[in-house]
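Colleague: Sending over model10.pdb (PDB, C-alpha atoms).
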MODEL        1
ATOM      1  CA  MET A   1      64.617 -69.666 -79.210
ATOM      2  CA  LYS A   2      63.306 -71.845 -76.409
ATOM      3  CA  THR A   3      65.322 -71.515 -73.201
ATOM      4  CA  LYS A   4      65.192 -73.147 -69.780
ATOM      5  CA  VAL A   5      67.253 -72.192 -66.748
ATOM      6  CA  PHE A   6      67.910 -74.149 -63.565
ATOM      7  CA  LYS A   7      69.042 -71.995 -60.665
ATOM      8  CA  ASN A   8      68.379 -72.550 -56.961
ATOM      9  CA  LYS A   9      69.658 -70.486 -54.026
ATOM     10  CA  LYS A  10      70.447 -73.671 -52.078
ATOM     11  CA  LEU A  11      72.727 -74.789 -54.915
ATOM     12  CA  ASP A  12      74.116 -71.350 -55.636
ATOM     13  CA  PHE A  13      77.384 -72.765 -56.987
ATOM     14  CA  LEU A  14      75.812 -73.874 -60.274
ATOM     15  CA  GLU A  15      73.518 -72.637 -63.004
ATOM     16  CA  LEU A  16      72.297 -74.555 -66.043
ATOM     17  CA  ARG A  17      70.966 -73.159 -69.290
ATOM     18  CA  TYR A  18      69.245 -75.179 -72.041
ATOM     19  CA  ILE A  19      68.811 -73.610 -75.496
ATOM     20  CA  GLU A  20      66.699 -75.305 -78.143
ATOM     21  CA  ASN A  21      68.383 -73.584 -81.094
ATOM     22  CA  ILE A  22      71.848 -72.292 -80.307
ATOM     23  CA  THR A  23      72.919 -69.062 -81.974
ATOM     24  CA  GLN A  24      76.408 -67.785 -82.650
ATOM     25  CA  CYS A  25      78.353 -65.802 -80.081
ATOM     26  CA  GLU A  26      80.946 -64.145 -82.326
ATOM     27  CA  LYS A  27      82.215 -61.551 -79.862
ATOM     28  CA  MET A  28      85.189 -62.628 -77.753
ATOM     29  CA  HIS A  29      84.099 -62.804 -74.111
ATOM     30  CA  LEU A  30      84.731 -64.585 -70.843
ATOM     31  CA  HIS A  31      82.744 -66.024 -67.945
ATOM     32  CA  GLU A  32      83.482 -65.685 -64.260
ATOM     33  CA  GLU A  33      82.538 -69.322 -63.735
ATOM     34  CA  LEU A  34      83.876 -72.527 -65.231
ATOM     35  CA  THR A  35      81.568 -73.520 -68.111
ATOM     36  CA  ILE A  36      80.700 -76.866 -69.661
ATOM     37  CA  THR A  37      78.918 -77.046 -73.015
ATOM     38  CA  ALA A  38      77.421 -79.953 -74.967
ATOM     39  CA  LEU A  39      75.340 -80.269 -78.133
ATOM     40  CA  LYS A  40      72.838 -82.883 -79.202
ATOM     41  CA  GLU A  41      73.197 -82.096 -82.902
ATOM     42  CA  GLY A  42      75.570 -80.111 -85.119
ATOM     43  CA  SER A  43      78.932 -78.632 -84.114
ATOM     44  CA  LEU A  44      80.489 -75.395 -82.885
ATOM     45  CA  ASN A  45      83.843 -73.741 -83.478
ATOM     46  CA  ILE A  46      85.223 -72.685 -80.085
ATOM     47  CA  SER A  47      87.957 -70.074 -80.631
ATOM     48  CA  PHE A  48      90.507 -68.916 -78.067
ATOM     49  CA  ASN A  49      93.228 -66.274 -78.362
ATOM     50  CA  ASP A  50      95.712 -68.537 -80.116
ATOM     51  CA  SER A  51      93.795 -71.699 -81.016
ATOM     52  CA  PHE A  52      90.390 -73.164 -81.781
ATOM     53  CA  LYS A  53      88.591 -76.452 -81.269
ATOM     54  CA  ILE A  54      85.514 -78.013 -82.814
ATOM     55  CA  LEU A  55      82.824 -79.162 -80.415
ATOM     56  CA  ASN A  56      81.028 -82.224 -81.841
ATOM     57  CA  PRO A  57      77.880 -83.976 -80.566
ATOM     58  CA  ASN A  58      79.876 -86.751 -78.852
ATOM     59  CA  GLU A  59      81.892 -84.308 -76.762
ATOM     60  CA  ILE A  60      81.711 -81.715 -74.033
ATOM     61  CA  THR A  61      83.924 -78.660 -73.789
ATOM     62  CA  ILE A  62      85.157 -77.382 -70.448
ATOM     63  CA  ILE A  63      86.415 -73.797 -70.270
ATOM     64  CA  ASN A  64      87.800 -72.346 -67.077
ATOM     65  CA  SER A  65      86.767 -68.945 -65.718
ATOM     66  CA  ASN A  66      88.248 -65.817 -67.300
ATOM     67  CA  ILE A  67      89.357 -67.657 -70.469
ATOM     68  CA  ILE A  68      88.683 -65.474 -73.529
ATOM     69  CA  HIS A  69      86.697 -67.309 -76.219
ATOM     70  CA  ASN A  70      83.838 -67.185 -78.693
ATOM     71  CA  ALA A  71      81.612 -69.749 -80.416
ATOM     72  CA  THR A  72      80.504 -69.831 -84.058
ATOM     73  CA  LEU A  73      78.325 -72.326 -85.894
ATOM     74  CA  ASN A  74      80.208 -74.999 -87.798
ATOM     75  CA  ASN A  75      77.048 -75.779 -89.740
ATOM     76  CA  LYS A  76      73.418 -74.678 -89.720
ATOM     77  CA  SER A  77      72.015 -77.773 -88.005
ATOM     78  CA  VAL A  78      73.115 -76.913 -84.451
ATOM     79  CA  LYS A  79      70.252 -77.553 -82.062
ATOM     80  CA  ASP A  80      69.622 -78.425 -78.405
ATOM     81  CA  GLY A  81      72.564 -77.248 -76.379
ATOM     82  CA  TYR A  82      73.359 -77.175 -72.663
ATOM     83  CA  VAL A  83      75.651 -74.757 -70.843
ATOM     84  CA  LEU A  84      76.502 -75.375 -67.191
ATOM     85  CA  TYR A  85      78.181 -72.666 -65.095
ATOM     86  CA  ILE A  86      80.075 -73.838 -61.988
ATOM     87  CA  ASP A  87      81.655 -71.649 -59.321
ATOM     88  CA  ASN A  88      85.412 -72.314 -59.179
ATOM     89  CA  ASN A  89      85.548 -71.782 -55.424
ATOM     90  CA  TYR A  90      83.075 -74.602 -54.985
ATOM     91  CA  LEU A  91      85.128 -76.949 -57.167
ATOM     92  CA  GLU A  92      88.228 -76.115 -55.152
ATOM     93  CA  SER A  93      86.321 -76.882 -51.951
ATOM     94  CA  LEU A  94      85.808 -80.459 -53.212
ATOM     95  CA  ASN A  95      89.587 -80.989 -52.874
ATOM     96  CA  LEU A  96      89.941 -82.858 -56.145
ATOM     97  CA  GLY A  97      93.691 -82.297 -56.098
ATOM     98  CA  ILE A  98      94.034 -80.932 -59.642
ATOM     99  CA  SER A  99      94.588 -77.560 -61.247
ATOM    100  CA  LEU A 100      91.443 -75.892 -62.549
ATOM    101  CA  ASP A 101      93.355 -73.812 -65.110
ATOM    102  CA  TYR A 102      92.609 -75.723 -68.288
ATOM    103  CA  ILE A 103      90.661 -76.068 -71.479
ATOM    104  CA  PHE A 104      89.789 -79.441 -72.940
ATOM    105  CA  LEU A 105      87.332 -81.439 -74.954
ATOM    106  CA  GLN A 106      86.244 -84.807 -73.675
ATOM    107  CA  ASP A 107      84.584 -87.726 -75.449
ATOM    108  CA  ASP A 108      81.283 -89.208 -74.264
ATOM    109  CA  LYS A 109      78.834 -86.524 -73.211
ATOM    110  CA  ASN A 110      76.202 -88.969 -71.925
ATOM    111  CA  SER A 111      76.830 -88.413 -68.226
ATOM    112  CA  PHE A 112      76.718 -84.642 -68.702
ATOM    113  CA  ILE A 113      73.471 -84.698 -70.711
ATOM    114  CA  ASN A 114      71.948 -86.965 -68.079
ATOM    115  CA  LEU A 115      72.978 -84.504 -65.363
ATOM    116  CA  CYS A 116      71.439 -81.599 -67.293
ATOM    117  CA  GLU A 117      68.136 -83.393 -67.783
ATOM    118  CA  ILE A 118      67.976 -84.258 -64.086
ATOM    119  CA  LEU A 119      68.730 -80.667 -63.059
ATOM    120  CA  LEU A 120      65.945 -79.354 -65.321
ATOM    121  CA  ALA A 121      63.398 -81.957 -64.184
ATOM    122  CA  GLU A 122      60.719 -80.518 -61.893
ATOM    123  CA  ASP A 123      59.905 -83.837 -60.193
ATOM    124  CA  VAL A 124      63.426 -84.650 -58.946
ATOM    125  CA  PRO A 125      64.289 -83.744 -55.319
ATOM    126  CA  LEU A 126      66.996 -81.132 -54.777
ATOM    127  CA  LEU A 127      69.093 -83.595 -52.765
ATOM    128  CA  GLU A 128      69.217 -86.019 -55.693
ATOM    129  CA  LYS A 129      70.225 -83.222 -58.060
ATOM    130  CA  GLU A 130      73.027 -82.128 -55.761
ATOM    131  CA  GLU A 131      74.346 -85.646 -55.285
ATOM    132  CA  LEU A 132      74.348 -86.374 -59.017
ATOM    133  CA  PHE A 133      76.131 -83.080 -59.674
ATOM    134  CA  ILE A 134      78.895 -83.877 -57.168
ATOM    135  CA  GLU A 135      79.312 -87.389 -58.600
ATOM    136  CA  PHE A 136      79.688 -85.837 -62.054
ATOM    137  CA  CYS A 137      82.343 -83.423 -60.761
ATOM    138  CA  LEU A 138      84.283 -86.202 -59.059
ATOM    139  CA  SER A 139      84.386 -88.291 -62.216
ATOM    140  CA  THR A 140      84.928 -85.465 -64.707
ATOM    141  CA  PHE A 141      87.517 -83.330 -62.975
ATOM    142  CA  SER A 142      89.665 -86.281 -62.047
ATOM    143  CA  LEU A 143      90.576 -86.477 -65.732
ATOM    144  CA  LYS A 144      93.736 -84.723 -66.902
ATOM    145  CA  GLU A 145      93.564 -83.934 -70.614
ATOM    146  CA  GLU A 146      95.250 -81.129 -72.518
ATOM    147  CA  ILE A 147      95.927 -79.141 -69.372
ATOM    148  CA  LYS A 148      96.763 -75.551 -70.176
ATOM    149  CA  GLN A 149      98.348 -73.583 -67.356
ATOM    150  CA  VAL A 150      97.350 -69.920 -67.265
ATOM    151  CA  GLU A 151     100.368 -67.638 -67.217
ATOM    152  CA  LYS A 152     100.602 -65.389 -64.184
ATOM    153  CA  ASN A 153     101.717 -61.814 -64.649
ATOM    154  CA  SER A 154     101.897 -59.757 -61.485
ATOM    155  CA  LEU A 155     101.237 -56.347 -63.091
ATOM    156  CA  SER A 156      98.376 -57.530 -65.281
ATOM    157  CA  ARG A 157      96.818 -59.350 -62.311
ATOM    158  CA  LYS A 158      97.021 -56.176 -60.231
ATOM    159  CA  ILE A 159      95.324 -54.251 -63.035
ATOM    160  CA  LYS A 160      92.616 -56.927 -63.217
ATOM    161  CA  ASN A 161      92.059 -56.730 -59.451
ATOM    162  CA  TYR A 162      91.766 -52.954 -59.710
ATOM    163  CA  LEU A 163      89.155 -53.281 -62.472
ATOM    164  CA  ASP A 164      87.264 -55.913 -60.472
ATOM    165  CA  GLU A 165      86.986 -53.443 -57.582
ATOM    166  CA  ASN A 166      86.204 -50.342 -59.641
ATOM    167  CA  PHE A 167      84.294 -51.487 -62.742
ATOM    168  CA  LEU A 168      81.146 -49.640 -61.646
ATOM    169  CA  GLU A 169      83.018 -46.362 -61.308
ATOM    170  CA  ASP A 170      83.315 -43.839 -64.141
ATOM    171  CA  ILE A 171      87.019 -44.504 -64.698
ATOM    172  CA  ILE A 172      89.141 -43.724 -67.747
ATOM    173  CA  LEU A 173      92.459 -45.179 -68.910
ATOM    174  CA  GLU A 174      94.381 -42.277 -67.413
ATOM    175  CA  ASP A 175      92.982 -43.091 -63.958
ATOM    176  CA  ILE A 176      94.242 -46.667 -64.219
ATOM    177  CA  SER A 177      97.641 -45.731 -65.641
ATOM    178  CA  LYS A 178      98.210 -43.254 -62.799
ATOM    179  CA  GLU A 179      97.242 -45.912 -60.265
ATOM    180  CA  PHE A 180     100.091 -48.130 -61.510
ATOM    181  CA  ASN A 181     102.474 -45.371 -62.613
ATOM    182  CA  ILE A 182     102.629 -46.586 -66.216
ATOM    183  CA  THR A 183     101.719 -45.048 -69.563
ATOM    184  CA  VAL A 184      98.305 -45.597 -71.110
ATOM    185  CA  VAL A 185      99.943 -47.415 -74.034
ATOM    186  CA  HIS A 186     101.797 -49.801 -71.704
ATOM    187  CA  LEU A 187      98.589 -50.355 -69.736
ATOM    188  CA  ILE A 188      96.670 -51.384 -72.866
ATOM    189  CA  ARG A 189      99.444 -53.674 -74.111
ATOM    190  CA  VAL A 190     100.021 -55.442 -70.769
ATOM    191  CA  PHE A 191      96.342 -56.154 -70.174
ATOM    192  CA  LYS A 192      95.571 -57.251 -73.742
ATOM    193  CA  LYS A 193      98.605 -59.549 -73.855
ATOM    194  CA  GLU A 194      97.633 -61.339 -70.639
ATOM    195  CA  PHE A 195      93.852 -61.531 -70.965
ATOM    196  CA  GLY A 196      93.197 -61.154 -74.688
ATOM    197  CA  LEU A 197      90.559 -58.480 -74.155
ATOM    198  CA  ALA A 198      90.535 -54.713 -74.361
ATOM    199  CA  ILE A 199      90.021 -53.098 -70.969
ATOM    200  CA  HIS A 200      86.603 -51.706 -71.902
ATOM    201  CA  SER A 201      85.481 -55.177 -73.050
ATOM    202  CA  TYR A 202      86.573 -56.682 -69.743
ATOM    203  CA  ILE A 203      84.607 -54.030 -67.843
ATOM    204  CA  ILE A 204      81.493 -54.743 -69.940
ATOM    205  CA  ASN A 205      81.879 -58.439 -69.054
ATOM    206  CA  LYS A 206      82.035 -57.540 -65.370
ATOM    207  CA  LYS A 207      78.920 -55.383 -65.668
ATOM    208  CA  VAL A 208      77.021 -58.126 -67.503
ATOM    209  CA  HIS A 209      77.816 -60.643 -64.750
ATOM    210  CA  LYS A 210      76.775 -58.087 -62.131
ATOM    211  CA  ALA A 211      73.489 -57.641 -63.982
ATOM    212  CA  LYS A 212      72.956 -61.396 -64.065
ATOM    213  CA  GLU A 213      73.399 -61.506 -60.306
ATOM    214  CA  LEU A 214      70.888 -58.669 -59.800
ATOM    215  CA  LEU A 215      68.321 -60.318 -62.071
ATOM    216  CA  ASN A 216      67.975 -63.059 -59.445
ATOM    217  CA  SER A 217      66.404 -60.556 -57.055
ATOM    218  CA  LYS A 218      63.336 -59.697 -59.184
ATOM    219  CA  LEU A 219      64.470 -56.104 -59.632
ATOM    220  CA  ALA A 220      62.985 -54.260 -62.600
ATOM    221  CA  ILE A 221      65.299 -54.623 -65.566
ATOM    222  CA  ILE A 222      65.787 -50.871 -65.906
ATOM    223  CA  GLU A 223      66.937 -50.805 -62.275
ATOM    224  CA  VAL A 224      69.268 -53.749 -62.931
ATOM    225  CA  ALA A 225      70.750 -51.835 -65.869
ATOM    226  CA  LEU A 226      71.461 -48.753 -63.772
ATOM    227  CA  GLN A 227      72.833 -50.660 -60.769
ATOM    228  CA  SER A 228      75.185 -52.685 -62.974
ATOM    229  CA  GLY A 229      76.635 -49.611 -64.655
ATOM    230  CA  PHE A 230      74.841 -49.520 -68.022
ATOM    231  CA  PHE A 231      73.544 -46.357 -69.642
ATOM    232  CA  ASP A 232      70.035 -47.731 -70.033
ATOM    233  CA  GLN A 233      68.060 -50.948 -70.525
ATOM    234  CA  SER A 234      68.827 -51.253 -74.242
ATOM    235  CA  HIS A 235      72.570 -51.025 -73.539
ATOM    236  CA  LEU A 236      72.197 -53.842 -71.008
ATOM    237  CA  ASN A 237      70.095 -55.909 -73.430
ATOM    238  CA  ARG A 238      72.706 -55.740 -76.212
ATOM    239  CA  SER A 239      75.635 -56.560 -73.939
ATOM    240  CA  PHE A 240      73.827 -59.314 -72.009
ATOM    241  CA  LYS A 241      72.709 -61.120 -75.158
ATOM    242  CA  ARG A 242      76.239 -61.096 -76.621
ATOM    243  CA  VAL A 243      77.527 -63.046 -73.632
ATOM    244  CA  PHE A 244      74.582 -65.264 -72.673
ATOM    245  CA  GLN A 245      72.618 -65.571 -75.966
ATOM    246  CA  LEU A 246      69.379 -64.453 -74.328
ATOM    247  CA  THR A 247      67.976 -61.162 -73.098
ATOM    248  CA  PRO A 248      67.787 -60.150 -69.419
ATOM    249  CA  LYS A 249      63.994 -60.476 -69.624
ATOM    250  CA  GLU A 250      64.245 -64.039 -70.979
ATOM    251  CA  PHE A 251      66.774 -64.934 -68.293
ATOM    252  CA  GLN A 252      64.625 -63.526 -65.486
ATOM    253  CA  LYS A 253      61.455 -65.104 -66.862
ATOM    254  CA  ASN A 254      63.063 -68.572 -66.860
ATOM    255  CA  ILE A 255      64.308 -68.191 -63.299
ATOM    256  CA  PHE A 256      60.951 -67.193 -61.829
ATOM    257  CA  SER A 257      58.566 -69.097 -64.116
TER     258      SER A 257
ENDMDL
END
Do you think you could lay out the structure here as structure tokens?
Modeller:
Amino acid sequence: MKTKVFKNKKLDFLELRYIENITQCEKMHLHEELTITALKEGSLNISFNDSFKILNPNEITIINSNIIHNATLNNKSVKDGYVLYIDNNYLESLNLGISLDYIFLQDDKNSFINLCEILLAEDVPLLEKEELFIEFCLSTFSLKEEIKQVEKNSLSRKIKNYLDENFLEDIILEDISKEFNITVVHLIRVFKKEFGLAIHSYIINKKVHKAKELLNSKLAIIEVALQSGFFDQSHLNRSFKRVFQLTPKEFQKNIFS
């Protein structure tokens, strides 16, 4: 699998990944950033908690942060794919005047593919890349298609905030249930109903994203594994690949190559 990554500390609100031969990501997961995906050939089944969509070569899919989903091959000819991660706080700072809680497919991927190729090009100035990216955001996120508001649940959000602050600690369900004065059974049901993930799966997602952040600092991968709360490097490798379709070593190699 050939992979390229564009990431620059001056444009720390975005990250682009190109994969020559996309593989399946069957495990339900989420990303902390908004993601945009496009294919050059073949199609993917994008499944959510209660629905699914087919991503075809003439489309892009936009999935907001913390939306549970997976992706499976619709046929065996899926090739060349791009995944762009965008920080939601940055999008909000652009003052586009729309909600960012949505999932939709959009026709005509040409402008997105063009953006991806420019971002990956080594001979294009950073200023030009940034300007093209902002122009893409202004044109894309002004569209309002199939907007899906995310339900807000005060208890489940408080539980999520607690997990976000304590995911590196050695906590058990009883610790969390005592924090909110609820039973373990109620805790599991409330969280799963709102976010579509088991609590342990959500914590693994948090650890994987923490590891991805640490990989930018050229730390040894074993050190990244320990600092992001994994038992060892192999545990990190398995979890990281399920979410990002490449190993921590491949990710780090592409950043610093």
Colleague: May I ask for the distance between atom CA of A:Val224 and atom CA of A:Lys249, given in Å to one decimal place?
Modeller: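 Going from atom CA of A:Val224 over to atom CA of A:Lys249 covers 10.9 Å.
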Colleague: What is the distance between atom CA of A:Lys160 and atom CA of A:Leu219, in Å to one decimal?
Modeller: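 It comes out at 28.4 Å.
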Colleague: List, as a list in words, every residue that the PyMOL selection byres ((chain A and resi 211) around 9) selects in the file provided.
Modeller: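 Applied to this file, the PyMOL selection byres ((chain A and resi 211) around 9) returns Lys206, Lys207, Val208, His209, Lys210, Lys212, Glu213, Leu214, Leu215, Asn216, Ile221, Val224, Ala225, Gln227, Ser228, Gly229, Leu236, Phe240 and Pro248 of chain A.
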Colleague: Any idea what the distance is between atom CA of A:Glu32 and atom CA of A:Leu91?
Modeller: 13.4 Å
Colleague: Report as a ChimeraX atom specification all protein, DNA and RNA residues lying within 12 Å of stretch 47-54 of chain A, evaluated on all atoms listed in the file, omitting residues in the same chain fewer than 6 positions from it.
Modeller: /A:24-30,37-39,60-64,66-75,103-106,146,148,192-197
Colleague: Assuming 8 Å of padding per side, give the centre and edge lengths of the axis-aligned box around every listed atom of stretch 27-38 of chain A, in Å to one decimal and as lines of an AutoDock Vina configuration file.
Modeller:
center_x = 81.3
center_y = -70.8
center_z = -71.8
size_x = 23.8
size_y = 34.4
size_z = 32.1
Colleague: On this file, the PyMOL selection byres ((chain A and resi 188) around 10) gives some set of residues; write that set as a PyMOL selection string.
Modeller: chain A and resi 156+173+177+183-187+189-193+197-199
Colleague: Keeping only C-alpha atoms, write those residues as a JSON list (two decimals), in the coordinates of the input.
Modeller:
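Writing done, so here's again-v3.json:
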[["chain", "number", "residue", "atom", "x", "y", "z"],
["A", 156, "SER", "CA", 98.38, -57.53, -65.28],
["A", 173, "LEU", "CA", 92.46, -45.18, -68.91],
["A", 177, "SER", "CA", 97.64, -45.73, -65.64],
["A", 183, "THR", "CA", 101.72, -45.05, -69.56],
["A", 184, "VAL", "CA", 98.30, -45.60, -71.11],
["A", 185, "VAL", "CA", 99.94, -47.42, -74.03],
["A", 186, "HIS", "CA", 101.80, -49.80, -71.70],
["A", 187, "LEU", "CA", 98.59, -50.36, -69.74],
["A", 189, "ARG", "CA", 99.44, -53.67, -74.11],
["A", 190, "VAL", "CA", 100.02, -55.44, -70.77],
["A", 191, "PHE", "CA", 96.34, -56.15, -70.17],
["A", 192, "LYS", "CA", 95.57, -57.25, -73.74],
["A", 193, "LYS", "CA", 98.60, -59.55, -73.86],
["A", 197, "LEU", "CA", 90.56, -58.48, -74.16],
["A", 198, "ALA", "CA", 90.54, -54.71, -74.36],
["A", 199, "ILE", "CA", 90.02, -53.10, -70.97]]
Colleague: I need the residue nearest A:Ile86 from this list: A:Ile182, A:Leu132, A:Cys137, A:Leu127. Use only C-alpha atoms for the distance.
Modeller: A:Cys137
Colleague: Using only C-alpha atoms, find the one residue out of A:Asn181, A:Leu16, A:Phe231, A:Leu163 that sits nearest to A:Ser201.
Modeller: A:Leu163
Colleague: If we draw a sphere of 12 Å around (70.7, -72.1, -54.3), which residues have at least one atom in it when counting only C-alpha atoms? Please report them as a PyMOL selection string.
Modeller: chain A and resi 6-15+126-127+129-130+216+255
Colleague: Just say which residues the PyMOL selection byres ((chain A and resi 2) around 9) picks in this file, as an NGL selection string.
Modeller: :A and (1 or 3-4 or 18-21)
Colleague: Using C-alpha atoms, can you export the residues from the last selection as an mmCIF file, in the coordinates of the input?
Modeller:
data_model
loop_
_atom_site.group_PDB
_atom_site.id
_atom_site.type_symbol
_atom_site.label_atom_id
_atom_site.label_comp_id
_atom_site.auth_asym_id
_atom_site.auth_seq_id
_atom_site.Cartn_x
_atom_site.Cartn_y
_atom_site.Cartn_z
ATOM 1 C CA MET A 1 64.617 -69.666 -79.210
ATOM 2 C CA THR A 3 65.322 -71.515 -73.201
ATOM 3 C CA LYS A 4 65.192 -73.147 -69.780
ATOM 4 C CA TYR A 18 69.245 -75.179 -72.041
ATOM 5 C CA ILE A 19 68.811 -73.610 -75.496
ATOM 6 C CA GLU A 20 66.699 -75.305 -78.143
ATOM 7 C CA ASN A 21 68.383 -73.584 -81.094
#
Colleague: Just checking: using only C-alpha atoms, which residue out of A:Ser139, A:Thr247, A:Tyr202, A:Glu122 ends up closest to A:Ile159?
Modeller: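 Ranking A:Ser139, A:Thr247, A:Tyr202, A:Glu122 by distance to A:Ile159, first place goes to A:Tyr202.
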Colleague: Ranking A:Phe230, A:Phe251, A:Phe112, A:Phe180 by minimum distance to A:Val83 and counting all atoms listed in the file, which one comes first?
Modeller: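 The answer is A:Phe112, which sits nearest to A:Val83.
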